[in-house]
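S.K.: One structure follows; several queries about it will come next.
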Amino acid sequence: MATLLEQYEQIVGTDVIDQLRQLAKLLGGKRIIHISSTKAGGGVAEILHRIIPLKHELGIDAVWETITGDADFFQCTKLMHNTLQGNRFDIPDYLLRHYEAVNRENAESLRGLLEEADVVFIHDPQPAAMIESMPARKGKWIWRCHIDVSSPYRPVWKYLRDFVRGYDASVWSLSEFAQRLPHPMYLIPPSIDPLSDKNIDLGPEELGKTYARWGLDPQRPIITQISRFDRFKDPLGVVRAYRLVKEFTPVQLILAGGGATDDPEGEEVFNEVKTSAGDDPDIHILLLPPDDNLTINALQRISDIILQKSTREGFGLTVTEALWKGKPVIGGDTGGIRLQVVNHHTGFLVNTPEGAALRIRYLLKRREKLEEMGQKAREFVRENFLITRHLREYLTLIFAVANETQDRIELL
Amino acid sequence: MAEPFSVRDCALIAIATGQYAYTLSELRDRLEIVPPSSIYYHFWGGLLRPKFDNPEYQNDFAIWVYQGLRDKPLAERIALINPSEYHDLEGLRDELIDILEERIDESELLPWMKANQRFYFVRSQTVVFDTRVRLDTPERLGEHIPHMSLGSVFYHFIDARRRPPWGRDDFTHWVSGFGNGYAELVEQISQVDPYFISLVELRDELTYVFAEHMPGGRA
C-alpha cells in the first residue's frame with residue numbers, strides 16, 4: 001500500500017513532495033497544534049483530516065484537537081458565522097458571554113498542550129477567544145479565517161476583532177477578505193484533495209450508472225451547477241441561460257445542491273427554481289445529502305460544462321473541483337471565481353444569463369476548444385489549488401511568522 | 001576551481017498590506033507608500049502563480065488596468081515594463097508611477113473613474129532553504145536543472161537578480177567562473193528572458209540551453 005505522500009507524488013510530481021520534505025525537516029521537532037470546532041463535516045474538518053496525516057508522514061509533530069460546546073454555544077457561533085458573511089443582525093449579549101465562558105473552559109482543559117506548543121493554529125471564530133485565557137503562551141498563535149469576511153456586519157466583527165488582534169498573525173483565503181489588524185495577514189487560498197470522494201477518479205461503470213440513476217441521456221450535452229439553493233448562486237439565472245441555449249442546441253441541465261435545513265430562504269429559492277423549471281424533463285433539480293460526495297463527483301464528471309453563475313462568492317471550491325475534473329467553468333465575475341476562471345483558458349467569466357448562454361453555445365459548438373480548456377483547467381488546479389500547495393504554505397508560514405520583519409528568510 | 005554550486009529552494013508566501021485602490025489616482029498614491037516587496041510581488045510573484053501560453057498582460061498592474069478600468073492604452077504601456085531591466089525596486093516603482101502620471105495627465109476623467117474591482121496590494125516573504133545538493137561542474141548543473149523544483153528555478157534565475165552581483169542570475173554567474181570554454185553557454189543563459197514564460201517553460205528552456213552545450217548535446 002502506497003503511503004499518502006507516495007500517492008500525492010503520483011499526482012503532483014516528485015519535486016513538489018521533495019520540497020515539502022525539505023521544509024518539514026527544517027521545522028526540527030517543533031510542535032504544531034490545530035484547534036477547530038469539529039472533526040465531522042465542513043470544509044475545515046475535511047482539510048485537517050488530510051493535512052494532519054500528511055504532516056505526520058513528513059515527520060512533523062502535529063496535533064489536532066477540537067473544542068466542546070453546548071447548543072447555545074453553537075447557536076452563537078452560527079450567528080457569528082452568518083453575520084461575518086454579511087447578514088445584518090445583532091447577537092444577544094447572553095450568547096456572547098456564553099461564547100466567552102465556553103472558550104475559557106476549553107482553554108482550561110487544553111492548557112498544558114497549548115501553552116507549550118511552538119505554533120498554534122486556531123481555525124475560525126468558534127475557538128478564537130481562547131487566546132484571552134493564555135497569557136503564558138510560549139509559541140506563535142495564528143488565527144485561520146476560512147470564511148468570507150469581505151463585508152462583515154461591523155458590530156460582530158468588532159467584537160471578534162478584540163480577540164483576533166491578540167494573535168501573532170492571521171490567515172485569509174483572499175485579499176478581499178482580509179480585515180485591518182495590527183499583525184501580518186497572510187493569504188492562503190483553500191485547496192481540494194484529489195484523493196477525497198469528491199475528487200477521486202471514477203471509472204466508466206460508475207459514471208454509466210449515474211446517467212441511469214438520474215434519468216440523463218448520455219447522447220446529449222449536460223451543463224451543471226452544483227451549489228446550495230441560494231440567491232447569490234443565481235440558480236434562476238442558470239435556468240434562463242439553459243433556455244436561451246436550448247433554442248439553438250439540445251442540452252440537459254442539472255442543478256444539484258445540498259439540503260437547506262438551517263436556511264429558510266434556501267427552501268424558498270428551491271421552490272422558485274422548481275416553478276421556473278416547470279415540467280421541462282431536461283431540467284434535473286437534485287436535492288442531495290450534504291455528504292453525498294461521490295454523487296457530486298460523478299455529476300461533475302459526466303457534465304460537458306460546469307456553471308457557477310454566482311453574483312457573490314467566497315472562494316468557490318466547487319469551481320476548483322470542476323476544473324480538476326477537466327471541465328471548463330462558466331462563472332460569475334466575482335470573488336474567488338476570478339482567481340480560477342481565466343477567460344479563454346479555463347473558462348469564461350460572465351455577468352448575465354445571456355453571457356453564460358453565449359459561452360455555453362460557443363463551447364458546445366467548438367468541441368476542440370472545450371477539450372483544450374478542460375486540459376488547461378486540470379493543469380491549472382494541479383499547480384495551484386491542490387492540498388500539497390496548501391500544506392507547503394502552512395509550513396512556509398511558520399518560518400515567516402517567526403521572522404515577520406524580514407522579506408527574505410534564509411534557513412541555511 | 002570554483003566552489004560547488006549550492007542548489008537552494010524557496011517558497012513565497014503572500015501577505016495582505018491592507019492597501020487597495022479603486023481608481024487610477026488611488027493606485028498612484030498607494031504606489032508611493034507600499035513596501036518594495038509589494039512592487040516585487042506584483043511584477044514577479046505572478047511567475048509562481050498560474051500562467052498561460054499567451055497571457056494578455058504580464059504583471060498585476062497591467063491586468064487590473066485592463067480588467068478593472070478597461071484602459072487598454074495604459075495596460076499596454078505598463079505591460080511593456082520589463083522588471084528584469086531594473087536592478088533596484090525603487091527604479092521600477094518610479095517608472096511605474098511615471099507611466100501612471102503620464103496617463104493621468106492625458107485624461108480628465110480617467111484618474112477618477114471607479115474600477116469594477118479593487119486592486120489589492122500584496123507583499124511577500126520568501127523563505128530560502130538549502131537542498132544540500134552540490135554540483136561541481138556546469139555539466140552536472142545542466143543534468144540537474146530538469147529535476148529542480150520550480151522554487152529553485154525561481155530562486156536562482158529570478159530572485160538572484162535582487163542579490164549581489166546585482167542584476168545577474170546565479171547560473172551565468174557561477175558558470176562564468178569556469179573560464180572562456182563556457183563563454184557561449186554563459187551568453188546563451190543570459191539571453192533567456194524569464195518574463196514572458198512560466199517557470200515550467202523557463203526550466204525547459206534552461207535545460208535545452210545547457211543540453212546544447214554539453215558533450216553529445218543537440219548543438
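Following the order of the C-alpha cells, first chain is A, next is B, and so on, with residues numbered from 1 inside each chain and ligands from 1 in the order they appear.
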Pick out the residues sitting within 12 Å of Val329 (chain A), and hand them over as a PyMOL selection string; count only C-alpha atoms, and ignore anything fewer than 2 positions along from it in its own chain.
M.R.: chain A and resi 223-226+300+303-310+316-327+331-333+337-338+340-350+356+359-360+363+370+373-374+376-378
S.K.: Grab the residues selected above and save them as a short mmCIF file (atom, residue, chain, number, x, y, z; two decimals), in the first residue's frame with N, CA and C atoms.
M.R.:
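And here is the file that came out, again04.cif:
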data_model
loop_
_atom_site.label_atom_id
_atom_site.label_comp_id
_atom_site.auth_asym_id
_atom_site.auth_seq_id
_atom_site.Cartn_x
_atom_site.Cartn_y
_atom_site.Cartn_z
N ILE A 223 -25.11 20.40 -18.93
CA ILE A 223 -24.49 21.52 -18.22
C ILE A 223 -24.97 21.46 -16.77
N THR A 224 -24.08 21.78 -15.85
CA THR A 224 -24.39 21.53 -14.43
C THR A 224 -23.93 22.68 -13.54
N GLN A 225 -24.78 23.00 -12.57
CA GLN A 225 -24.31 23.88 -11.48
C GLN A 225 -24.51 23.13 -10.17
N ILE A 226 -23.43 23.00 -9.41
CA ILE A 226 -23.50 22.38 -8.08
C ILE A 226 -23.42 23.49 -7.06
N GLN A 300 -20.37 15.92 -11.78
CA GLN A 300 -19.41 16.85 -12.40
C GLN A 300 -18.70 16.17 -13.57
N SER A 303 -20.65 15.82 -16.86
CA SER A 303 -21.07 17.10 -17.46
C SER A 303 -20.07 17.54 -18.53
N ASP A 304 -20.59 18.30 -19.49
CA ASP A 304 -19.71 18.88 -20.52
C ASP A 304 -19.14 20.20 -20.03
N ILE A 305 -20.00 20.97 -19.38
CA ILE A 305 -19.59 22.30 -18.89
C ILE A 305 -20.15 22.46 -17.49
N ILE A 306 -19.38 23.11 -16.61
CA ILE A 306 -19.89 23.41 -15.27
C ILE A 306 -20.14 24.92 -15.17
N LEU A 307 -21.26 25.26 -14.57
CA LEU A 307 -21.58 26.67 -14.34
C LEU A 307 -21.42 27.00 -12.85
N GLN A 308 -21.00 28.21 -12.58
CA GLN A 308 -21.05 28.72 -11.20
C GLN A 308 -21.40 30.19 -11.33
N LYS A 309 -22.66 30.42 -11.67
CA LYS A 309 -23.06 31.76 -12.08
C LYS A 309 -23.39 32.66 -10.89
N SER A 310 -22.55 32.59 -9.87
CA SER A 310 -22.82 33.35 -8.65
C SER A 310 -22.72 34.86 -8.90
N GLY A 316 -15.17 29.64 -3.77
CA GLY A 316 -15.81 28.84 -4.82
C GLY A 316 -15.09 27.53 -5.07
N LEU A 317 -15.04 26.67 -4.04
CA LEU A 317 -14.32 25.40 -4.22
C LEU A 317 -15.00 24.47 -5.23
N THR A 318 -16.31 24.67 -5.47
CA THR A 318 -16.96 23.83 -6.50
C THR A 318 -16.35 24.13 -7.87
N VAL A 319 -15.88 25.36 -8.05
CA VAL A 319 -15.20 25.71 -9.31
C VAL A 319 -13.89 24.92 -9.40
N THR A 320 -13.13 24.91 -8.31
CA THR A 320 -11.85 24.18 -8.30
C THR A 320 -12.09 22.70 -8.62
N GLU A 321 -13.12 22.13 -7.99
CA GLU A 321 -13.43 20.71 -8.21
C GLU A 321 -13.73 20.43 -9.68
N ALA A 322 -14.50 21.32 -10.27
CA ALA A 322 -14.87 21.12 -11.68
C ALA A 322 -13.65 21.24 -12.59
N LEU A 323 -12.81 22.24 -12.32
CA LEU A 323 -11.61 22.43 -13.15
C LEU A 323 -10.71 21.20 -13.03
N TRP A 324 -10.62 20.65 -11.83
CA TRP A 324 -9.76 19.47 -11.61
C TRP A 324 -10.26 18.28 -12.44
N LYS A 325 -11.57 18.26 -12.70
CA LYS A 325 -12.13 17.15 -13.50
C LYS A 325 -12.05 17.45 -14.99
N GLY A 326 -11.31 18.48 -15.33
CA GLY A 326 -11.10 18.81 -16.74
C GLY A 326 -12.31 19.44 -17.40
N LYS A 327 -13.11 20.17 -16.62
CA LYS A 327 -14.29 20.83 -17.20
C LYS A 327 -14.09 22.33 -17.21
N GLY A 331 -18.36 31.06 -15.09
CA GLY A 331 -18.59 31.53 -13.72
C GLY A 331 -18.90 33.01 -13.66
N GLY A 332 -19.59 33.42 -12.59
CA GLY A 332 -19.86 34.83 -12.35
C GLY A 332 -18.57 35.58 -12.08
N ASP A 333 -18.53 36.82 -12.54
CA ASP A 333 -17.31 37.63 -12.43
C ASP A 333 -17.22 38.20 -11.01
N ILE A 337 -13.94 33.27 -7.82
CA ILE A 337 -14.12 32.71 -9.18
C ILE A 337 -13.15 33.40 -10.13
N ARG A 338 -12.92 34.69 -9.88
CA ARG A 338 -11.98 35.44 -10.74
C ARG A 338 -10.57 34.89 -10.68
N GLN A 340 -9.83 31.80 -10.44
CA GLN A 340 -9.77 30.45 -11.01
C GLN A 340 -10.19 30.38 -12.46
N VAL A 341 -11.17 31.19 -12.82
CA VAL A 341 -11.66 31.15 -14.20
C VAL A 341 -10.92 32.23 -14.98
N VAL A 342 -10.09 31.81 -15.89
CA VAL A 342 -9.32 32.75 -16.69
C VAL A 342 -9.90 32.69 -18.10
N ASN A 343 -10.47 33.83 -18.53
CA ASN A 343 -11.17 33.87 -19.82
C ASN A 343 -10.37 33.22 -20.94
N HIS A 344 -11.01 32.36 -21.68
CA HIS A 344 -10.42 31.66 -22.83
C HIS A 344 -9.37 30.62 -22.44
N HIS A 345 -9.09 30.46 -21.17
CA HIS A 345 -8.09 29.47 -20.76
C HIS A 345 -8.72 28.34 -19.93
N THR A 346 -9.39 28.74 -18.82
CA THR A 346 -10.02 27.69 -18.01
C THR A 346 -11.54 27.80 -18.06
N GLY A 347 -12.04 28.82 -18.76
CA GLY A 347 -13.49 29.00 -18.84
C GLY A 347 -13.79 30.45 -19.22
N PHE A 348 -14.96 30.91 -18.79
CA PHE A 348 -15.34 32.28 -19.10
C PHE A 348 -16.00 32.92 -17.89
N LEU A 349 -15.69 34.20 -17.68
CA LEU A 349 -16.37 34.97 -16.64
C LEU A 349 -17.54 35.70 -17.29
N VAL A 350 -18.70 35.64 -16.66
CA VAL A 350 -19.88 36.27 -17.26
C VAL A 350 -20.62 37.08 -16.20
N ALA A 356 -23.75 33.91 -20.16
CA ALA A 356 -23.50 32.50 -19.90
C ALA A 356 -23.98 31.66 -21.09
N ARG A 359 -21.57 31.74 -24.05
CA ARG A 359 -20.36 30.95 -23.84
C ARG A 359 -20.67 29.45 -23.88
N ILE A 360 -21.82 29.06 -23.37
CA ILE A 360 -22.19 27.64 -23.42
C ILE A 360 -22.32 27.22 -24.89
N LEU A 363 -18.90 26.88 -26.55
CA LEU A 363 -18.12 25.69 -26.17
C LEU A 363 -18.75 24.40 -26.70
N LEU A 370 -13.36 23.25 -26.13
CA LEU A 370 -13.83 22.75 -24.83
C LEU A 370 -12.81 21.76 -24.24
N MET A 373 -9.55 23.62 -23.21
CA MET A 373 -9.71 24.39 -21.97
C MET A 373 -9.81 23.46 -20.77
N GLY A 374 -10.45 22.31 -20.96
CA GLY A 374 -10.57 21.33 -19.87
C GLY A 374 -9.21 20.84 -19.43
N LYS A 376 -6.33 22.40 -19.80
CA LYS A 376 -5.63 23.50 -19.11
C LYS A 376 -6.16 23.68 -17.70
N ALA A 377 -7.47 23.52 -17.56
CA ALA A 377 -8.11 23.70 -16.25
C ALA A 377 -7.51 22.71 -15.24
N ARG A 378 -7.35 21.47 -15.67
CA ARG A 378 -6.83 20.44 -14.75
C ARG A 378 -5.39 20.77 -14.34
#
S.K.: Could you find all residues in region 175-248 of chain A that DSSP calls alpha helix (DSSP H) from the backbone, and write them as a list in words?
M.R.: Pro204, Glu205, Glu206, Leu207, Gly208, Lys209, Thr210, Tyr211, Ala212, Arg213, Trp214, Pro235, Leu236, Gly237, Val238, Val239, Arg240, Ala241, Tyr242, Arg243, Leu244, Val245 and Lys246 of chain A
S.K.: Please save C-alpha atoms of the selected residues as a short mmCIF file (atom, residue, chain, number, x, y, z; two decimals), in the first residue's frame.
M.R.:
data_model
loop_
_atom_site.label_atom_id
_atom_site.label_comp_id
_atom_site.auth_asym_id
_atom_site.auth_seq_id
_atom_site.Cartn_x
_atom_site.Cartn_y
_atom_site.Cartn_z
CA PRO A 204 -16.72 4.37 -16.70
CA GLU A 205 -19.01 1.89 -14.96
CA GLU A 206 -19.66 4.25 -12.07
CA LEU A 207 -20.32 7.12 -14.46
CA GLY A 208 -22.62 4.95 -16.60
CA LYS A 209 -24.74 4.22 -13.54
CA THR A 210 -25.06 7.94 -12.85
CA TYR A 211 -26.86 8.54 -16.18
CA ALA A 212 -29.33 5.77 -15.38
CA ARG A 213 -29.83 6.80 -11.77
CA TRP A 214 -30.87 10.35 -12.64
CA PRO A 235 -29.96 29.40 -9.95
CA LEU A 236 -32.77 31.24 -11.74
CA GLY A 237 -30.18 32.88 -13.98
CA VAL A 238 -28.82 29.42 -14.74
CA VAL A 239 -32.28 28.19 -15.80
CA ARG A 240 -32.63 31.25 -18.03
CA ALA A 241 -29.21 30.63 -19.62
CA TYR A 242 -30.19 27.00 -20.25
CA ARG A 243 -33.41 28.07 -22.00
CA LEU A 244 -31.51 30.51 -24.21
CA VAL A 245 -29.13 27.71 -25.22
CA LYS A 246 -31.91 25.21 -25.78
#
S.K.: Give me, as a PyMOL selection string, all polymer residues having an atom no more than 7 Å from region 117-120 of chain A, counting only C-alpha atoms and skipping those fewer than 4 positions away in the same chain.
M.R.: chain A and resi 30-34+113+138-142
S.K.: Store the residues picked out above, limited to N, CA and C atoms, as a short mmCIF file (atom, residue, chain, number, x, y, z; two decimals), in the first residue's frame.
M.R.:
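Saved as again_7.cif:
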data_model
loop_
_atom_site.label_atom_id
_atom_site.label_comp_id
_atom_site.auth_asym_id
_atom_site.auth_seq_id
_atom_site.Cartn_x
_atom_site.Cartn_y
_atom_site.Cartn_z
N LYS A 30 9.51 21.00 16.08
CA LYS A 30 8.52 21.97 16.60
C LYS A 30 7.17 21.28 16.74
N ARG A 31 6.47 21.59 17.81
CA ARG A 31 5.13 21.01 18.00
C ARG A 31 4.06 21.99 17.48
N ILE A 32 3.22 21.49 16.59
CA ILE A 32 2.19 22.33 15.97
C ILE A 32 0.81 21.81 16.35
N ILE A 33 -0.03 22.71 16.84
CA ILE A 33 -1.37 22.29 17.27
C ILE A 33 -2.41 23.01 16.41
N HIS A 34 -3.39 22.27 15.96
CA HIS A 34 -4.55 22.86 15.27
C HIS A 34 -5.76 22.70 16.17
N LEU A 113 -1.31 21.55 26.77
CA LEU A 113 -0.95 21.36 25.37
C LEU A 113 -0.67 22.71 24.68
N LYS A 138 3.64 30.16 25.00
CA LYS A 138 5.06 30.22 24.64
C LYS A 138 5.25 30.42 23.13
N GLY A 139 4.38 29.82 22.34
CA GLY A 139 4.59 29.80 20.89
C GLY A 139 3.88 30.92 20.15
N LYS A 140 3.88 30.79 18.83
CA LYS A 140 3.18 31.74 17.97
C LYS A 140 1.74 31.27 17.79
N TRP A 141 0.81 32.19 17.90
CA TRP A 141 -0.60 31.86 17.73
C TRP A 141 -1.11 32.51 16.43
N ILE A 142 -1.73 31.67 15.60
CA ILE A 142 -2.18 32.14 14.29
C ILE A 142 -3.67 31.85 14.15
#
S.K.: Show which residues sit within 10 Å of Leu89 (chain B), as a list in words. Count only C-alpha atoms, and ignore same-chain residues fewer than 2 positions away.
M.R.: Pro35, Pro36, Ser37, Ser38, Ile39, Tyr40, Pro83, Tyr86, His87, Gly91, Leu92, Arg93, Asp94, Glu95 and Arg162 of chain B
S.K.: Hey, which of A:His56, A:Lys198, A:Arg392, A:Arg161 ends up closest to chain B? Count only C-alpha atoms.
M.R.: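 Checking each of A:His56, A:Lys198, A:Arg392, A:Arg161 against chain B, counting only C-alpha atoms, the winner is A:Arg392.
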S.K.: Select, as a list of chain:residue names, those residues of chain B with any atom no more than 6 Å from chain A (distances computed using only C-alpha atoms).
M.R.: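 Result: B:Ala14, B:Ile15, B:Ala16, B:Gln125, B:Thr126, B:Val127, B:Val128, B:Phe129, B:Asp130, B:Ser149.
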S.K.: Once DSSP has gone over the backbone, tell me which residues of region 35-224 of chain A are in strand (DSSP E), as a PyMOL selection string.
M.R.: chain A and resi 35-36+61-66+119-123+140-144+169-172+185-187+222-224
S.K.: Go ahead and write the residues just picked, N, CA and C atoms, as an mmCIF file, in the first residue's frame.
M.R.:
data_model
loop_
_atom_site.group_PDB
_atom_site.id
_atom_site.type_symbol
_atom_site.label_atom_id
_atom_site.label_comp_id
_atom_site.auth_asym_id
_atom_site.auth_seq_id
_atom_site.Cartn_x
_atom_site.Cartn_y
_atom_site.Cartn_z
ATOM 1 N N ILE A 35 -6.525 23.781 16.313
ATOM 2 C CA ILE A 35 -7.758 23.712 17.105
ATOM 3 C C ILE A 35 -8.922 24.137 16.212
ATOM 4 N N SER A 36 -9.938 23.279 16.142
ATOM 5 C CA SER A 36 -11.137 23.667 15.384
ATOM 6 C C SER A 36 -12.355 23.244 16.190
ATOM 7 N N ASP A 61 5.569 16.990 14.243
ATOM 8 C CA ASP A 61 4.817 16.728 15.462
ATOM 9 C C ASP A 61 3.559 17.603 15.445
ATOM 10 N N ALA A 62 2.496 17.092 14.820
ATOM 11 C CA ALA A 62 1.272 17.891 14.685
ATOM 12 C C ALA A 62 0.118 17.219 15.422
ATOM 13 N N VAL A 63 -0.686 18.034 16.091
ATOM 14 C CA VAL A 63 -1.819 17.522 16.869
ATOM 15 C C VAL A 63 -3.052 18.325 16.474
ATOM 16 N N TRP A 64 -4.181 17.647 16.377
ATOM 17 C CA TRP A 64 -5.443 18.347 16.075
ATOM 18 C C TRP A 64 -6.418 18.066 17.211
ATOM 19 N N GLU A 65 -6.879 19.116 17.858
ATOM 20 C CA GLU A 65 -7.870 18.982 18.927
ATOM 21 C C GLU A 65 -9.108 19.784 18.574
ATOM 22 N N THR A 66 -10.246 19.341 19.102
ATOM 23 C CA THR A 66 -11.465 20.132 18.886
ATOM 24 C C THR A 66 -11.987 20.634 20.224
ATOM 25 N N VAL A 119 3.676 26.301 17.767
ATOM 26 C CA VAL A 119 2.779 27.033 16.860
ATOM 27 C C VAL A 119 1.360 26.524 17.086
ATOM 28 N N VAL A 120 0.426 27.459 17.247
ATOM 29 C CA VAL A 120 -0.976 27.070 17.435
ATOM 30 C C VAL A 120 -1.813 27.710 16.329
ATOM 31 N N PHE A 121 -2.498 26.882 15.564
ATOM 32 C CA PHE A 121 -3.437 27.386 14.555
ATOM 33 C C PHE A 121 -4.845 27.276 15.142
ATOM 34 N N ILE A 122 -5.520 28.415 15.237
ATOM 35 C CA ILE A 122 -6.906 28.407 15.716
ATOM 36 C C ILE A 122 -7.791 28.650 14.485
ATOM 37 N N HIS A 123 -8.673 27.713 14.206
ATOM 38 C CA HIS A 123 -9.467 27.803 12.981
ATOM 39 C C HIS A 123 -10.843 28.417 13.239
ATOM 40 N N LYS A 140 3.881 30.785 18.826
ATOM 41 C CA LYS A 140 3.176 31.741 17.968
ATOM 42 C C LYS A 140 1.735 31.268 17.787
ATOM 43 N N TRP A 141 0.815 32.189 17.902
ATOM 44 C CA TRP A 141 -0.600 31.864 17.728
ATOM 45 C C TRP A 141 -1.107 32.506 16.432
ATOM 46 N N ILE A 142 -1.731 31.671 15.605
ATOM 47 C CA ILE A 142 -2.181 32.136 14.289
ATOM 48 C C ILE A 142 -3.672 31.855 14.146
ATOM 49 N N TRP A 143 -4.422 32.895 13.799
ATOM 50 C CA TRP A 143 -5.865 32.694 13.590
ATOM 51 C C TRP A 143 -6.120 32.475 12.115
ATOM 52 N N ARG A 144 -6.750 31.342 11.763
ATOM 53 C CA ARG A 144 -7.019 30.996 10.375
ATOM 54 C C ARG A 144 -8.512 31.231 10.110
ATOM 55 N N ALA A 169 -0.453 36.431 14.065
ATOM 56 C CA ALA A 169 -0.713 36.572 12.626
ATOM 57 C C ALA A 169 -2.092 36.006 12.346
ATOM 58 N N SER A 170 -2.622 36.352 11.187
ATOM 59 C CA SER A 170 -3.873 35.720 10.756
ATOM 60 C C SER A 170 -3.712 35.254 9.318
ATOM 61 N N VAL A 171 -4.580 34.343 8.916
ATOM 62 C CA VAL A 171 -4.513 33.796 7.563
ATOM 63 C C VAL A 171 -5.890 33.900 6.924
ATOM 64 N N TRP A 172 -5.924 34.415 5.695
ATOM 65 C CA TRP A 172 -7.193 34.646 4.981
ATOM 66 C C TRP A 172 -7.128 33.965 3.618
ATOM 67 N N MET A 185 -1.042 39.702 7.903
ATOM 68 C CA MET A 185 -2.237 38.972 7.444
ATOM 69 C C MET A 185 -1.845 38.173 6.206
ATOM 70 N N TYR A 186 -1.602 36.911 6.400
ATOM 71 C CA TYR A 186 -1.140 36.051 5.312
ATOM 72 C C TYR A 186 -2.316 35.618 4.433
ATOM 73 N N LEU A 187 -2.005 35.383 3.167
ATOM 74 C CA LEU A 187 -3.055 34.990 2.219
ATOM 75 C C LEU A 187 -2.775 33.566 1.742
ATOM 76 N N ILE A 222 -24.573 17.899 -21.306
ATOM 77 C CA ILE A 222 -25.084 18.211 -19.958
ATOM 78 C C ILE A 222 -24.341 19.433 -19.419
ATOM 79 N N ILE A 223 -25.106 20.400 -18.933
ATOM 80 C CA ILE A 223 -24.491 21.524 -18.218
ATOM 81 C C ILE A 223 -24.974 21.464 -16.770
ATOM 82 N N THR A 224 -24.077 21.784 -15.851
ATOM 83 C CA THR A 224 -24.388 21.532 -14.426
ATOM 84 C C THR A 224 -23.930 22.678 -13.541
#
S.K.: Rank nothing, just name the residue among B:Ser152, B:Gln67, B:Ser190, B:Gln117 nearest to Ser84 (chain B), using only C-alpha atoms.
M.R.: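 Closest candidate: B:Ser190.
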S.K.: So which one's closest to Arg70 (chain B), B:Ser107, B:Ser25, B:Asn82, B:Asn116? Using only C-alpha atoms, please.
M.R.: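 With only C-alpha atoms as the atom set, the closest residue is B:Asn116.
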S.K.: Ranking A:Ile60, A:Ala256, A:Ala357, A:Ala277 by minimum distance to Asp292 (chain A) and counting only C-alpha atoms, which one comes first?
M.R.: A:Ala256
S.K.: Which is closer to Thr131 (chain B) than all the others in B:Glu201, B:Pro194, B:Cys10, B:Pro4, using only C-alpha atoms?
M.R.: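 Using only C-alpha atoms, Thr131 (chain B) sits closest to B:Cys10.
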